[in-house]
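Worksheet: one structure, shown below.
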Amino acid sequence: MTNYLEKLNTQDPKVASAIQAELKRQRVGIELIPSENFVSLAVLEALGSVLTNKYSEGYPGNRYYGGTQNVDAVEQLAIDRVKKLFGAEHANVQPLSGAPANIAVYSALLEPGDTVLGMDLSHGGHLTHGHPITWMAKIFKFIRYKTTPDGLIDYDQVRELAQENKPRLILAGYSAYSRDLDYQRFKEIADEVGAYTMADIAHIAGLIAAGEMNNPVPIFDVVTSTTHKTLRGPRGGLILCKKELAKKINKAVFPGFQGGPHEHNIAAKAVAFGEALQPEFKEYAKQIKKNAKVLCETLAKGGLKIMFGGTENHLILADVTPLGLTGRQAQELLDSVNITLNKNMIPDDPRKPMDPSGIRLGTPALTTRGMKENEMKQIGQTMIELLKQPTSEPVKNSARATVKKLTKQFPLYPELD
Ligand code: DSN
């Protein structure tokens with residue numbers, strides 16, 4: 001593909017040049033943000049397709065608009081593939097992203113004022129799991145469970161909180177926790193108090209699809225996800241659920257919460273689900289985990305304090321304050337040599353969200369580029385050297401040289417030249 005952005009460049013060079021600059025940034029950087037990935041060219045093509053022109057409120061075979069035969073076919077493909085991928089009874093692929101998917105589930109299953117038990121944000125949970133800053137926290141009562149000092153979910157505490165507060169919904173899932181979950185245990189607790197079970201697998205969906213992590217879909221009532229993280233699809237969301245909740249969930253997404261579905265995006269989801277069904281995707285997911293383990297060990301050896309006792313998935317949450325830096329300083333320093341990750345709160349962080357104690361990083365994007373354990377070691381050592389000598393120009397230059405060497409060795413989107 002040699003004419004990438006040719007039309008755009010002629011018509012609107014300002015937008016074209018910003019996109020080109022972003023392509024370059026992605027190519028020359030070591031991308032460690034655990035929620036980011038690089039989609040295939042096939043996914044990009046579907047995203048940029050004429051399906052963006054079509055309105056299609058409703059669901060396949062039952063729409064409010066004419067001319068929907070082609071988007072029906074695409075949406076049905078996405079539904080069938082994602083059901084197969086996770087062993088789900090029902091799938092809704094219309095949520096625009098993870099937050100709308102979660103909100104749609106709350107509105108499907110709960111009444112205003114109902115109680116939800118979810119994971120504390122600083123212990124790895126997510127904003128949409130009831131952080132007081134969100135609108136949802138004004139509508140529902142959120143109670144939060146935490147991890148133990150050794151980094152596990154304290155299921156006894158979850159049970160106690162459930163018995164005490166009688167939640168209508170128990171929520172499992174996270175965006176900064178590095179261990180697997182015992183979904184059966186959550187389900188037993190929920191059954192004792194008559195609560196629905198909901199898992200948000202946004203971060204780990206790709207690992208679950210590949211059989212590399214526990215799958216809540218056969219156990220839980222509802223599972224939500226984004227499609228753009230380890231699942232390596234376009235930016236978007238989805239909801240999986242038991243057959244008996246299908247109507248409620250569908251009605252909550254449309255017309256309850258969203259309007260016309262983004263069918264170009266749903267087409268790209270279908271392509272990504274098709275890719276995730278291939279045997280190569282299993283190898284990819286395995287490698288993500290191997291890479292995360294090596295990176296984690298290298299960072300721990302170098303003096304970072306790893307939260308939750310290590311990693312069983314794609315991500316690492318680490319306290320950088322033992323090296324005399326804050327999370328924000330570490331992020332900015334690494335950014336200056338094109339290593340990208342994000343500052344993050346650690347459990348019960350004494351610092352503020354905009355300058356917390358920790359950094360969060362992961363391996364899905366670099367694994368897509370083809371990097372393996374050796375490269376993870378090099379990257380981890382480079383990071384440690386820099387974090388230990390933040391003002392040394394020679395160390396910075398050496399880090400830049402490593403980044404340059406690795407990103408050249410593992411090129412990104414060479415077809416787009
Ligand atoms: N912003 C996403 C992440 O980075 O984990 C979660 O919504």
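As shown in the structure tokens, the chain order sets the letters A, B, ...; within each chain, residues go from 1, and ligands are also counted from 1 in the order they appear.
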
Please identify the residues whose atoms come within 7 Å of ligand 1, using only C-alpha atoms and all ligand atoms, and report them as a ChimeraX atom specification. /A:34-35,98,126,175-176,203

Those same residues - all heavy atoms - I'd like them written as an mmCIF file, in the first residue's frame.
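Saved the output as out05.cif:
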data_model
loop_
_atom_site.group_PDB
_atom_site.id
_atom_site.type_symbol
_atom_site.label_atom_id
_atom_site.label_comp_id
_atom_site.auth_asym_id
_atom_site.auth_seq_id
_atom_site.Cartn_x
_atom_site.Cartn_y
_atom_site.Cartn_z
ATOM 1 N N PRO A 34 -0.347 -0.655 28.748
ATOM 2 C CA PRO A 34 -0.880 -2.021 28.644
ATOM 3 C C PRO A 34 -2.233 -2.105 27.967
ATOM 4 O O PRO A 34 -2.668 -3.187 27.581
ATOM 5 C CB PRO A 34 -0.973 -2.474 30.106
ATOM 6 C CG PRO A 34 -0.999 -1.240 30.906
ATOM 7 C CD PRO A 34 -0.261 -0.196 30.144
ATOM 8 N N SER A 35 -2.899 -0.960 27.820
ATOM 9 C CA SER A 35 -4.231 -0.963 27.192
ATOM 10 C C SER A 35 -4.156 -0.614 25.711
ATOM 11 O O SER A 35 -5.183 -0.427 25.070
ATOM 12 C CB SER A 35 -5.134 0.025 27.925
ATOM 13 O OG SER A 35 -4.446 1.236 28.146
ATOM 14 N N GLY A 98 -15.763 0.660 26.369
ATOM 15 C CA GLY A 98 -15.932 -0.078 27.622
ATOM 16 C C GLY A 98 -16.851 0.630 28.605
ATOM 17 O O GLY A 98 -17.708 -0.005 29.241
ATOM 18 N N HIS A 126 -11.634 0.032 38.108
ATOM 19 C CA HIS A 126 -11.772 0.998 37.016
ATOM 20 C C HIS A 126 -12.729 2.100 37.431
ATOM 21 O O HIS A 126 -13.610 1.887 38.256
ATOM 22 C CB HIS A 126 -12.290 0.295 35.761
ATOM 23 C CG HIS A 126 -12.253 1.165 34.546
ATOM 24 N ND1 HIS A 126 -13.386 1.688 33.977
ATOM 25 C CD2 HIS A 126 -11.210 1.616 33.816
ATOM 26 C CE1 HIS A 126 -13.043 2.424 32.921
ATOM 27 N NE2 HIS A 126 -11.736 2.397 32.814
ATOM 28 N N SER A 175 -8.411 -2.729 35.703
ATOM 29 C CA SER A 175 -7.594 -2.142 34.640
ATOM 30 C C SER A 175 -6.145 -1.934 35.086
ATOM 31 O O SER A 175 -5.336 -1.410 34.328
ATOM 32 C CB SER A 175 -8.195 -0.822 34.156
ATOM 33 O OG SER A 175 -8.222 0.106 35.198
ATOM 34 N N ALA A 176 -5.826 -2.332 36.319
ATOM 35 C CA ALA A 176 -4.426 -2.194 36.752
ATOM 36 C C ALA A 176 -4.021 -3.307 37.709
ATOM 37 O O ALA A 176 -3.120 -3.134 38.518
ATOM 38 C CB ALA A 176 -4.207 -0.838 37.410
ATOM 39 N N HIS A 203 -9.217 -5.511 29.875
ATOM 40 C CA HIS A 203 -7.768 -5.626 29.697
ATOM 41 C C HIS A 203 -7.330 -7.002 29.217
ATOM 42 O O HIS A 203 -6.383 -7.130 28.452
ATOM 43 C CB HIS A 203 -7.046 -5.298 31.019
ATOM 44 C CG HIS A 203 -6.564 -3.894 31.050
ATOM 45 N ND1 HIS A 203 -5.288 -3.557 30.719
ATOM 46 C CD2 HIS A 203 -7.211 -2.741 31.315
ATOM 47 C CE1 HIS A 203 -5.150 -2.247 30.795
ATOM 48 N NE2 HIS A 203 -6.303 -1.729 31.155
#

DSSP on the backbone, then: every residue of stretch 87-225 of chain A marked strand (DSSP E), written as a list in words.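 Taking stretch 87-225 of chain A and keeping strand (DSSP E) gives His90, Ala91, Asn92, Thr115, Val116, Leu117, Gly118, Met119, Lys141, Phe142, Ile143, Arg144, Tyr145, Leu169, Ile170, Leu171, Ala172, Gly173, Tyr196, Thr197, Met198, Ala199, Asp200, Val222, Val223, Thr224 and Ser225 of chain A.
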
Residues from the last selection, C-alpha atoms, saved as a PDB file, in the first residue's frame:
ATOM      1  CA  HIS A  90     -25.535 -13.987  23.637  1.00  0.00           C
ATOM      2  CA  ALA A  91     -23.446 -11.075  22.365  1.00  0.00           C
ATOM      3  CA  ASN A  92     -24.118  -7.399  21.789  1.00  0.00           C
ATOM      4  CA  THR A 115     -25.898  -1.345  45.478  1.00  0.00           C
ATOM      5  CA  VAL A 116     -22.929  -2.600  43.443  1.00  0.00           C
ATOM      6  CA  LEU A 117     -19.852  -4.253  44.923  1.00  0.00           C
ATOM      7  CA  GLY A 118     -16.734  -3.612  42.802  1.00  0.00           C
ATOM      8  CA  MET A 119     -12.958  -3.325  43.044  1.00  0.00           C
ATOM      9  CA  LYS A 141     -24.381   2.946  45.634  1.00  0.00           C
ATOM     10  CA  PHE A 142     -20.934   1.475  45.049  1.00  0.00           C
ATOM     11  CA  ILE A 143     -19.083  -0.445  47.729  1.00  0.00           C
ATOM     12  CA  ARG A 144     -15.446  -1.337  47.084  1.00  0.00           C
ATOM     13  CA  TYR A 145     -13.310  -4.340  47.940  1.00  0.00           C
ATOM     14  CA  LEU A 169     -24.575  -6.729  41.386  1.00  0.00           C
ATOM     15  CA  ILE A 170     -21.090  -8.027  42.142  1.00  0.00           C
ATOM     16  CA  LEU A 171     -18.468  -6.776  39.740  1.00  0.00           C
ATOM     17  CA  ALA A 172     -15.156  -8.515  39.026  1.00  0.00           C
ATOM     18  CA  GLY A 173     -12.563  -7.023  36.725  1.00  0.00           C
ATOM     19  CA  TYR A 196     -26.043 -10.626  39.563  1.00  0.00           C
ATOM     20  CA  THR A 197     -22.431 -11.303  38.519  1.00  0.00           C
ATOM     21  CA  MET A 198     -20.664  -9.027  36.044  1.00  0.00           C
ATOM     22  CA  ALA A 199     -17.048  -9.300  34.854  1.00  0.00           C
ATOM     23  CA  ASP A 200     -15.259  -6.482  33.057  1.00  0.00           C
ATOM     24  CA  VAL A 222     -22.773 -10.707  32.145  1.00  0.00           C
ATOM     25  CA  VAL A 223     -19.281  -9.958  30.825  1.00  0.00           C
ATOM     26  CA  THR A 224     -18.211  -6.652  29.293  1.00  0.00           C
ATOM     27  CA  SER A 225     -15.069  -5.793  27.401  1.00  0.00           C
TER      28      SER A 225
END

Find the residues near stretch 66-83 of chain A: any atom within 8 Å, counting only C-alpha atoms, skip ones fewer than 3 places away on the same chain, and give them as a count of residues only. 25

Using only C-alpha atoms, which protein or nucleic acid residues come within 12 Å of A:Glu283? Drop anything in the same chain fewer than 3 positions from it, and give the result as a list in words.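 Within the cut-off, the hits are Gly206, Leu207, Ala209, Ala210, Gly211, Glu212, Ala276, Leu277, Gln278, Pro279, Glu280, Lys286, Gln287, Ile288, Lys289, Lys290, Thr367, Thr368, Gly370 and Lys372 of chain A.
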
Filtering to C-alpha atoms, could you give me those residues as a short mmCIF file (atom, residue, chain, number, x, y, z; two decimals), in the first residue's frame?
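Below is the file that was written, result_26.cif:
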data_model
loop_
_atom_site.label_atom_id
_atom_site.label_comp_id
_atom_site.auth_asym_id
_atom_site.auth_seq_id
_atom_site.Cartn_x
_atom_site.Cartn_y
_atom_site.Cartn_z
CA GLY A 206 -7.41 -11.45 24.37
CA LEU A 207 -5.72 -13.63 26.98
CA ALA A 209 -10.02 -15.76 24.29
CA ALA A 210 -6.73 -17.58 23.77
CA GLY A 211 -7.26 -19.78 26.83
CA GLU A 212 -4.39 -18.12 28.71
CA ALA A 276 -8.46 -14.00 17.42
CA LEU A 277 -10.05 -17.32 16.38
CA GLN A 278 -6.88 -18.28 14.48
CA PRO A 279 -4.21 -20.52 16.06
CA GLU A 280 -1.58 -17.73 15.70
CA LYS A 286 1.18 -16.90 25.28
CA GLN A 287 4.03 -14.63 24.25
CA ILE A 288 2.37 -11.57 25.83
CA LYS A 289 2.44 -13.37 29.18
CA LYS A 290 6.01 -14.65 28.78
CA THR A 367 4.45 -8.51 21.39
CA THR A 368 2.43 -7.57 18.31
CA GLY A 370 7.28 -9.49 17.37
CA LYS A 372 10.26 -11.60 22.76
#

Choose the residue, out of A:Ile379, A:Ala42, A:Asn344, A:His129, that has the smallest atom-to-atom separation from A:Glu415; count only C-alpha atoms.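 With only C-alpha atoms as the atom set, the closest residue is A:Ala42.
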
Between A:Gln381, A:Thr326, A:Ser178, A:Gln331, which is the closest to A:Asn313 once you count only C-alpha atoms?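 Selected residue with least distance to A:Asn313: A:Ser178.
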
Name the residues in contact with A:Arg25 at a cut-off of 12 Å, using only C-alpha atoms, excluding same-chain residues fewer than 4 positions from it; report them as a PyMOL selection string. chain A and resi 18-21+29-31+335+337-340+404+407+412

For the residues in the current selection, export all heavy atoms as a short mmCIF file (atom, residue, chain, number, x, y, z; two decimals), in the first residue's frame.
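Below is the file that was written, result_19.cif:
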data_model
loop_
_atom_site.label_atom_id
_atom_site.label_comp_id
_atom_site.auth_asym_id
_atom_site.auth_seq_id
_atom_site.Cartn_x
_atom_site.Cartn_y
_atom_site.Cartn_z
N ALA A 18 -0.89 15.28 10.69
CA ALA A 18 -1.00 14.85 12.10
C ALA A 18 -1.07 13.31 12.16
O ALA A 18 -0.47 12.69 13.05
CB ALA A 18 -2.24 15.45 12.76
N ILE A 19 -1.78 12.70 11.21
CA ILE A 19 -1.87 11.23 11.21
C ILE A 19 -0.50 10.62 10.88
O ILE A 19 -0.06 9.66 11.52
CB ILE A 19 -2.94 10.73 10.22
CG1 ILE A 19 -4.33 11.23 10.66
CG2 ILE A 19 -2.93 9.20 10.13
CD1 ILE A 19 -5.45 10.92 9.67
N GLN A 20 0.18 11.21 9.91
CA GLN A 20 1.53 10.72 9.56
C GLN A 20 2.47 10.82 10.75
O GLN A 20 3.28 9.93 11.01
CB GLN A 20 2.12 11.52 8.38
CG GLN A 20 1.56 11.15 7.02
CD GLN A 20 2.01 9.76 6.54
OE1 GLN A 20 2.67 9.02 7.26
NE2 GLN A 20 1.61 9.41 5.32
N ALA A 21 2.34 11.95 11.47
CA ALA A 21 3.22 12.15 12.63
C ALA A 21 2.92 11.10 13.70
O ALA A 21 3.83 10.60 14.38
CB ALA A 21 3.04 13.56 13.20
N GLY A 29 8.59 4.35 18.78
CA GLY A 29 8.49 4.27 20.23
C GLY A 29 8.39 2.85 20.74
O GLY A 29 7.99 1.92 20.03
N ILE A 30 8.79 2.68 22.00
CA ILE A 30 8.58 1.42 22.71
C ILE A 30 7.27 1.59 23.47
O ILE A 30 7.22 2.30 24.48
CB ILE A 30 9.77 1.15 23.67
CG1 ILE A 30 11.04 0.86 22.87
CG2 ILE A 30 9.47 0.02 24.64
CD1 ILE A 30 11.03 -0.44 22.09
N GLU A 31 6.21 0.97 22.96
CA GLU A 31 4.87 1.20 23.51
C GLU A 31 4.58 0.21 24.63
O GLU A 31 4.39 -0.98 24.38
CB GLU A 31 3.83 1.07 22.39
CG GLU A 31 2.42 1.40 22.85
CD GLU A 31 2.38 2.75 23.54
OE1 GLU A 31 2.44 3.80 22.87
OE2 GLU A 31 2.31 2.75 24.79
N ASP A 335 9.31 8.92 28.65
CA ASP A 335 8.76 9.54 27.44
C ASP A 335 9.84 10.27 26.65
O ASP A 335 9.84 10.29 25.42
CB ASP A 335 7.69 10.57 27.85
CG ASP A 335 6.40 10.36 27.06
OD1 ASP A 335 6.39 9.55 26.13
OD2 ASP A 335 5.40 11.03 27.40
N VAL A 337 12.73 9.46 26.09
CA VAL A 337 13.53 8.58 25.23
C VAL A 337 12.62 7.67 24.39
O VAL A 337 13.04 6.60 23.92
CB VAL A 337 14.54 7.74 26.05
CG1 VAL A 337 15.51 8.64 26.79
CG2 VAL A 337 13.85 6.79 27.00
N ASN A 338 11.35 8.07 24.25
CA ASN A 338 10.36 7.31 23.46
C ASN A 338 9.99 5.95 24.03
O ASN A 338 9.69 5.02 23.30
CB ASN A 338 10.84 7.12 22.00
CG ASN A 338 10.80 8.43 21.23
OD1 ASN A 338 10.24 9.41 21.71
ND2 ASN A 338 11.40 8.43 20.07
N ILE A 339 10.00 5.86 25.35
CA ILE A 339 9.42 4.68 26.00
C ILE A 339 8.14 5.18 26.68
O ILE A 339 8.20 6.05 27.55
CB ILE A 339 10.38 4.05 27.05
CG1 ILE A 339 11.65 3.54 26.36
CG2 ILE A 339 9.68 2.93 27.81
CD1 ILE A 339 12.70 2.96 27.31
N THR A 340 6.99 4.64 26.22
CA THR A 340 5.72 5.19 26.69
C THR A 340 5.01 4.22 27.63
O THR A 340 4.81 3.06 27.29
CB THR A 340 4.78 5.46 25.49
OG1 THR A 340 5.55 5.97 24.43
CG2 THR A 340 3.69 6.43 25.84
N LYS A 404 15.95 3.01 19.38
CA LYS A 404 16.09 3.13 17.92
C LYS A 404 16.41 1.77 17.30
O LYS A 404 15.80 1.36 16.30
CB LYS A 404 17.20 4.13 17.60
CG LYS A 404 17.16 4.64 16.18
CD LYS A 404 18.09 5.81 16.04
CE LYS A 404 18.12 6.24 14.58
NZ LYS A 404 19.10 7.28 14.34
N THR A 407 13.28 -0.63 17.60
CA THR A 407 12.12 -0.28 16.76
C THR A 407 12.44 -0.47 15.28
O THR A 407 11.55 -0.71 14.48
CB THR A 407 11.64 1.15 17.04
OG1 THR A 407 12.74 2.05 16.93
CG2 THR A 407 11.01 1.27 18.41
N LEU A 412 7.05 -1.42 12.30
CA LEU A 412 5.59 -1.36 12.46
C LEU A 412 4.96 -0.81 11.18
O LEU A 412 5.37 0.25 10.69
CB LEU A 412 5.26 -0.44 13.65
CG LEU A 412 3.79 -0.27 13.99
CD1 LEU A 412 3.17 -1.59 14.47
CD2 LEU A 412 3.61 0.81 15.05
#

Distance query A:Thr147 at most 8 Å, only C-alpha atoms, self and fewer than 4 positions along chain excluded, as a ChimeraX atom specification: /A:123,151-154,347

Contacts of A:Leu334 at 12 Å (only C-alpha atoms; same-chain gap of 2+ positions) as a ChimeraX atom specification: /A:29-33,325,327-332,336-343,359,361,379-380,382-391,395-397,399-400,403

Computed gap from atom CA of A:Leu96 to atom CA of A:Ala205 is 16.4 Å

For A:Gly125, which residue out of A:Val50, A:Ile346, A:Ala300, A:Val217 is the nearest one, using only C-alpha atoms?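 Counting only C-alpha atoms, the residue closest to A:Gly125 is A:Ile346.
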
With distances taken over only C-alpha atoms, which of A:Pro167, A:Pro95, A:Gly302, A:Pro149 is nearest to A:Val320?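 Among the listed residues, A:Gly302 lies closest to A:Val320.
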